[in-house]
Amino acid sequence: MNDPKITHVRVVDLRFPTSLHQVGSDAVNRDPDYSAAYCILETDTGVEGHGLTFTLGRGTELCVCAIQYLSQFVRGRKLSSLTTDFAAFSRQLTRDTQFRWLGPEKGVIHLAAAALINAVWDLYARVEGKPLWKLLADLEPEEIVRAVDFTYISDAITPEEEIKDPYVLEFLGLKDEYSESEIEEALILHLERFLLELGADFAFIGRQRRLRIGDEWYRIDLLFFHRKLRCLVVIDLKRGRFTHADAGQMHMYLNYAREHWTHEGENPPVGLILCSQKDEAIARYALDGLPNKILATEYRTVLPDEQLIADEIEKTRQQLEARRSITR
């Protein structure tokens with residue numbers, strides 16, 4: 001990547017007289033002039049970065065002055081000195097000791113900082129030769145998290161949790177509010193990913209696998225094949241306390257899997273029951289149907305520790321429910 005130096009910051013007070021015909025007006029903003037404080041980062045290589053912050057007319061000049069002041073934090077700097085730690089750059093803009101009393105992360109200072117940060121991202125994308133959306137899509141989760149200032153949100157979620165948590169929420173498509181059943185589905189998705197991350201021994205076969213026993217249809221939450229043990233792993237997630245009925249149902253699933261899904265040369269299937277209740281999660285392997293204690297001991301030696309899985313599920317459940325309570 002070329003590493004241009006930012007040599008100058010141009011700031012434009014851009015206004016459109018939309019109030020003349022009340023274009024874009026509403027019950028609160030009855031006469032807005034759609035406007036923007038627009039900044040352009042000029043570099044020694046000729047590549048420019050453009051950023052703006054929207055305003056409604058009067059007061060745009062205040063944002064322009066704030067951008068001009070904050071431009072000292074980018075002028076004369078190499079692009080890489082900003083992009084390697086976007087969070088630090090953001091804090092630098094909002095924590096100037098003699099300027100921050102005007103904000104710091106709200107109002108004019110917030111708007112001015114946003115325009116400059118937008119311009120740096122735009123310059124970054126142009127230097128990389130990509131649209132901004134593609135630049136962001138190509139970043140690793142850890143890189144995106146490093147670009148976020150967690151100063152005011154670490155009480156809800158930490159950077160370490162954010163790296164894992166988006167997978168659960170985005171893959172499932174959860175919005176700001178989600179139901180108990182959606183939390184359960186998110187836990188299943190997270191468990192699938194967690195087991196695959198533990199190593200190459202787990203091979204994913206299916207989710208919500210249907211089976212018919214008598215006249216009844218059932219669904220298995222997750223089905224894996226363990227390469228080292230050469231057996232199917234049947235996983236069932238329950239909301240609530242562990243009961244003998246759960247064990248009986250898993251025994252039924254394992255009998256079906258042994259008869260209909262197990263191939264010649266494979267070992268008998270093993271079950272994993274996960275019960276996620278209010279205050280804790282419990283994991284139990286179902287090994288009673290194995291032909292001998294030697295095989296059961298081998299299964300326990302090779303399979304992930306039950307408490308490790310239970311702790312992971314409980315941590316994820318708490319994160320999901322905490323987010324749901326915050327957005328209510």
# chains A, B, ... in the order shown; residues from 1 in each chain; ligands from 1
$ closest_atom_pairs --of "range 72-111 of chain A" --to "range 130-144 of chain A" --cutoff "10 Å" --atoms "only C-alpha atoms" --output "Markdown table"
| residue | atom | partner | partner_atom | distance |
| --- | --- | --- | --- | --- |
| A:Thr84 | CA | A:Glu143 | CA | 9.0 |
| A:Asp85 | CA | A:Glu143 | CA | 9.1 |
| A:Phe86 | CA | A:Ile144 | CA | 9.3 |
| A:Ala87 | CA | A:Ile144 | CA | 10.0 |
$ residues_around --residues "His50 in chain A" --least-positions-apart "5" --cutoff "9 Å" --atoms "only C-alpha atoms" --output "list in words"
Tyr38, Cys39, Ile40, Leu41, Ala115, Leu116, Asn118, Ala119, Val120, Trp121, Asp122 and Leu123 of chain A
$ closest_atom_pairs --of "range 201-287 of chain A" --to "range 296-311 of chain A" --cutoff "7 Å" --atoms "only C-alpha atoms" --output "tab-separated table"
residue	atom	partner	partner_atom	distance
A:Ala281	CA	A:Ala310	CA	5.1
A:Ile282	CA	A:Ala310	CA	5.4
A:Ala283	CA	A:Glu306	CA	5.3
A:Arg284	CA	A:Glu306	CA	6.4
A:Leu287	CA	A:Ala296	CA	6.3
$ select_by_dssp --residues "range 31-153 of chain A" --states "helix (DSSP H, G or I)" --output "ChimeraX atom specification"
/A:60-73,80-83,86-94,100-102,107-128,132-138,141-146
$ residues_around --residues "Ala66 in chain A" --least-positions-apart "4" --cutoff "9 Å" --atoms "only C-alpha atoms" --output "PyMOL selection string"
chain A and resi 61-62+70-71+108-109+111-113
$ write_last_selection --atoms "C-alpha atoms" --output "tab-separated table (two decimals), in the first residue's frame"
chain	number	residue	atom	x	y	z
A	61	GLU	CA	-20.20	27.51	10.14
A	62	LEU	CA	-19.56	26.26	13.69
A	70	LEU	CA	-9.23	19.48	14.48
A	71	SER	CA	-7.46	19.26	11.12
A	108	VAL	CA	-20.29	20.37	17.22
A	109	ILE	CA	-17.18	18.41	18.28
A	111	LEU	CA	-19.99	16.31	14.09
A	112	ALA	CA	-16.57	17.72	13.22
A	113	ALA	CA	-14.75	14.58	14.35
$ closest_residue --among "A:Ile6, A:Leu102, A:Leu189, A:Val47" --to "Ala125 in chain A" --atoms "only C-alpha atoms"
A:Val47
$ residues_around --residues "Thr18 in chain A" --least-positions-apart "5" --cutoff "8 Å" --atoms "only C-alpha atoms" --output "tab-separated table (two decimals) with C-alpha atoms, in the first residue's frame"
chain	number	residue	atom	x	y	z
A	23	VAL	CA	-38.36	20.17	1.12
A	24	GLY	CA	-37.52	17.50	3.69
A	31	ASP	CA	-37.65	24.85	7.62
A	32	PRO	CA	-34.38	22.93	7.15
A	33	ASP	CA	-31.71	23.98	4.68
A	34	TYR	CA	-30.10	20.66	3.93
$ select_by_dssp --residues "range 8-226 of chain A" --states "strand (DSSP E)" --output "ChimeraX atom specification"
/A:8-15,35-43,49-55,202-213,216-226
$ write_last_selection --atoms "N, CA and C atoms" --output "short mmCIF file (atom, residue, chain, number, x, y, z; two decimals), in the first residue's frame"
data_model
loop_
_atom_site.label_atom_id
_atom_site.label_comp_id
_atom_site.auth_asym_id
_atom_site.auth_seq_id
_atom_site.Cartn_x
_atom_site.Cartn_y
_atom_site.Cartn_z
N HIS A 8 -2.81 18.97 3.42
CA HIS A 8 -3.73 20.10 3.62
C HIS A 8 -5.14 19.56 3.81
N VAL A 9 -5.95 20.32 4.58
CA VAL A 9 -7.36 19.96 4.77
C VAL A 9 -8.21 21.16 4.33
N ARG A 10 -8.99 20.94 3.28
CA ARG A 10 -9.93 21.97 2.81
C ARG A 10 -11.29 21.71 3.43
N VAL A 11 -11.95 22.75 3.90
CA VAL A 11 -13.28 22.62 4.51
C VAL A 11 -14.24 23.55 3.79
N VAL A 12 -15.40 23.01 3.42
CA VAL A 12 -16.39 23.76 2.65
C VAL A 12 -17.70 23.81 3.42
N ASP A 13 -18.28 25.01 3.48
CA ASP A 13 -19.61 25.20 4.05
C ASP A 13 -20.61 25.05 2.90
N LEU A 14 -21.26 23.90 2.83
CA LEU A 14 -22.10 23.56 1.68
C LEU A 14 -23.57 23.60 2.11
N ARG A 15 -24.35 24.48 1.46
CA ARG A 15 -25.75 24.63 1.87
C ARG A 15 -26.68 24.64 0.66
N SER A 35 -27.75 20.83 4.48
CA SER A 35 -26.39 21.36 4.35
C SER A 35 -25.38 20.34 4.83
N ALA A 36 -24.10 20.68 4.70
CA ALA A 36 -23.03 19.81 5.17
C ALA A 36 -21.77 20.62 5.40
N ALA A 37 -21.02 20.24 6.43
CA ALA A 37 -19.65 20.72 6.59
C ALA A 37 -18.78 19.66 5.91
N TYR A 38 -18.18 20.01 4.80
CA TYR A 38 -17.51 19.06 3.91
C TYR A 38 -16.00 19.28 3.97
N CYS A 39 -15.25 18.19 4.21
CA CYS A 39 -13.80 18.36 4.26
C CYS A 39 -13.11 17.44 3.25
N ILE A 40 -11.99 17.91 2.74
CA ILE A 40 -11.21 17.18 1.74
C ILE A 40 -9.77 17.10 2.22
N LEU A 41 -9.27 15.87 2.36
CA LEU A 41 -7.88 15.66 2.75
C LEU A 41 -7.03 15.61 1.49
N GLU A 42 -6.12 16.54 1.35
CA GLU A 42 -5.20 16.56 0.21
C GLU A 42 -3.89 15.90 0.62
N THR A 43 -3.26 15.17 -0.31
CA THR A 43 -2.04 14.43 0.01
C THR A 43 -0.93 14.75 -0.97
N GLY A 49 -9.10 12.34 0.19
CA GLY A 49 -10.12 11.68 1.00
C GLY A 49 -11.22 12.67 1.34
N HIS A 50 -12.48 12.27 1.11
CA HIS A 50 -13.61 13.17 1.30
C HIS A 50 -14.48 12.70 2.46
N GLY A 51 -14.91 13.65 3.27
CA GLY A 51 -15.80 13.33 4.39
C GLY A 51 -16.72 14.50 4.66
N LEU A 52 -17.84 14.20 5.27
CA LEU A 52 -18.79 15.28 5.57
C LEU A 52 -19.60 14.93 6.81
N THR A 53 -20.25 15.97 7.33
CA THR A 53 -21.22 15.77 8.39
C THR A 53 -22.45 16.58 8.03
N PHE A 54 -23.63 15.98 8.12
CA PHE A 54 -24.86 16.66 7.72
C PHE A 54 -25.27 17.70 8.76
N THR A 55 -25.82 18.80 8.28
CA THR A 55 -26.36 19.85 9.15
C THR A 55 -27.68 20.32 8.53
N PHE A 202 -14.00 -32.32 14.69
CA PHE A 202 -15.44 -32.20 14.50
C PHE A 202 -15.75 -31.83 13.05
N ALA A 203 -16.57 -32.64 12.40
CA ALA A 203 -17.03 -32.37 11.03
C ALA A 203 -18.53 -32.13 11.08
N PHE A 204 -18.97 -30.97 10.62
CA PHE A 204 -20.38 -30.60 10.68
C PHE A 204 -21.18 -31.40 9.65
N ILE A 205 -22.30 -31.96 10.10
CA ILE A 205 -23.18 -32.71 9.20
C ILE A 205 -24.49 -31.97 8.97
N GLY A 206 -25.13 -31.52 10.05
CA GLY A 206 -26.40 -30.85 9.82
C GLY A 206 -26.94 -30.17 11.06
N ARG A 207 -27.90 -29.28 10.82
CA ARG A 207 -28.58 -28.55 11.88
C ARG A 207 -30.08 -28.82 11.72
N GLN A 208 -30.77 -29.00 12.84
CA GLN A 208 -32.20 -29.30 12.82
C GLN A 208 -32.51 -30.50 11.93
N ARG A 209 -31.75 -31.56 12.14
CA ARG A 209 -31.89 -32.79 11.36
C ARG A 209 -33.17 -33.52 11.77
N ARG A 210 -34.03 -33.81 10.81
CA ARG A 210 -35.32 -34.43 11.11
C ARG A 210 -35.19 -35.95 11.16
N LEU A 211 -35.99 -36.57 12.05
CA LEU A 211 -36.09 -38.02 12.11
C LEU A 211 -37.51 -38.38 12.53
N ARG A 212 -37.95 -39.53 12.04
CA ARG A 212 -39.30 -39.97 12.34
C ARG A 212 -39.24 -41.27 13.14
N ILE A 213 -39.87 -41.26 14.31
CA ILE A 213 -39.93 -42.44 15.16
C ILE A 213 -41.41 -42.75 15.39
N GLU A 216 -44.33 -39.96 15.03
CA GLU A 216 -43.90 -38.64 15.49
C GLU A 216 -42.63 -38.20 14.75
N TRP A 217 -42.56 -36.90 14.46
CA TRP A 217 -41.37 -36.29 13.88
C TRP A 217 -40.61 -35.54 14.98
N TYR A 218 -39.29 -35.64 14.94
CA TYR A 218 -38.42 -34.96 15.88
C TYR A 218 -37.32 -34.23 15.12
N ARG A 219 -36.66 -33.32 15.82
CA ARG A 219 -35.54 -32.59 15.22
C ARG A 219 -34.35 -32.64 16.16
N ILE A 220 -33.19 -32.95 15.62
CA ILE A 220 -31.94 -32.90 16.37
C ILE A 220 -31.28 -31.55 16.10
N ASP A 221 -30.92 -30.85 17.17
CA ASP A 221 -30.39 -29.50 17.00
C ASP A 221 -29.12 -29.47 16.15
N LEU A 222 -28.15 -30.33 16.47
CA LEU A 222 -26.89 -30.37 15.73
C LEU A 222 -26.43 -31.80 15.58
N LEU A 223 -25.83 -32.08 14.43
CA LEU A 223 -25.27 -33.41 14.20
C LEU A 223 -23.86 -33.25 13.63
N PHE A 224 -22.89 -33.82 14.33
CA PHE A 224 -21.49 -33.79 13.90
C PHE A 224 -20.99 -35.22 13.71
N PHE A 225 -19.86 -35.31 13.01
CA PHE A 225 -19.11 -36.57 12.98
C PHE A 225 -17.73 -36.29 13.56
N HIS A 226 -17.32 -37.11 14.54
CA HIS A 226 -16.01 -36.94 15.16
C HIS A 226 -15.03 -37.88 14.46
#
$ closest_residue --among "A:Ala257, A:Ala27, A:Val234, A:Leu187" --to "Ile313 in chain A" --atoms "only C-alpha atoms"
A:Leu187
$ closest_residue --among "A:Asp26, A:Leu20, A:Val74, A:Thr243" --to "Pro4 in chain A" --atoms "only C-alpha atoms"
A:Val74
$ closest_residue --among "A:Arg30, A:Arg126, A:His21, A:His263" --to "Arg230 in chain A" --atoms "only C-alpha atoms"
A:His263
$ closest_residue --among "A:Ala286, A:Leu79, A:Leu254, A:Leu56" --to "Asn2 in chain A" --atoms "only C-alpha atoms"
A:Leu79
$ residues_around --residues "Arg100 in chain A" --least-positions-apart "2" --cutoff "12 Å" --atoms "only C-alpha atoms" --output "number ranges by chain"
A: 66, 69-70, 91-98, 102-110, 113
$ write_last_selection --atoms "C-alpha atoms" --output "compact mmCIF listing (two decimals), in the first residue's frame"
# COMPACT_ATOMS: atom_id res chain seq x y z
CA ALA A 66 -14.35 22.88 14.50
CA TYR A 69 -9.28 23.29 14.34
CA LEU A 70 -9.23 19.48 14.48
CA ARG A 91 -9.86 9.61 21.00
CA GLN A 92 -7.26 12.16 19.93
CA LEU A 93 -9.92 14.17 18.12
CA THR A 94 -12.33 14.24 21.05
CA ARG A 95 -9.93 14.57 23.97
CA ASP A 96 -7.92 17.66 23.18
CA THR A 97 -7.40 19.13 26.64
CA GLN A 98 -8.39 22.71 25.72
CA LEU A 102 -17.07 22.09 24.07
CA GLY A 103 -18.16 18.46 23.69
CA PRO A 104 -16.46 16.21 23.91
CA GLU A 105 -18.39 13.42 22.12
CA LYS A 106 -21.53 15.35 21.27
CA GLY A 107 -22.69 18.40 19.39
CA VAL A 108 -20.29 20.37 17.22
CA ILE A 109 -17.18 18.41 18.28
CA HIS A 110 -18.90 15.12 17.53
CA ALA A 113 -14.75 14.58 14.35
$ closest_residue --among "A:Arg75, A:Arg258, A:Arg317, A:Arg146" --to "Ile188 in chain A" --atoms "only C-alpha atoms"
A:Arg317
$ atom_distance --atom1 "CA of Arg227 in chain A" --atom2 "CA of Ala245 in chain A"
29.5 Å
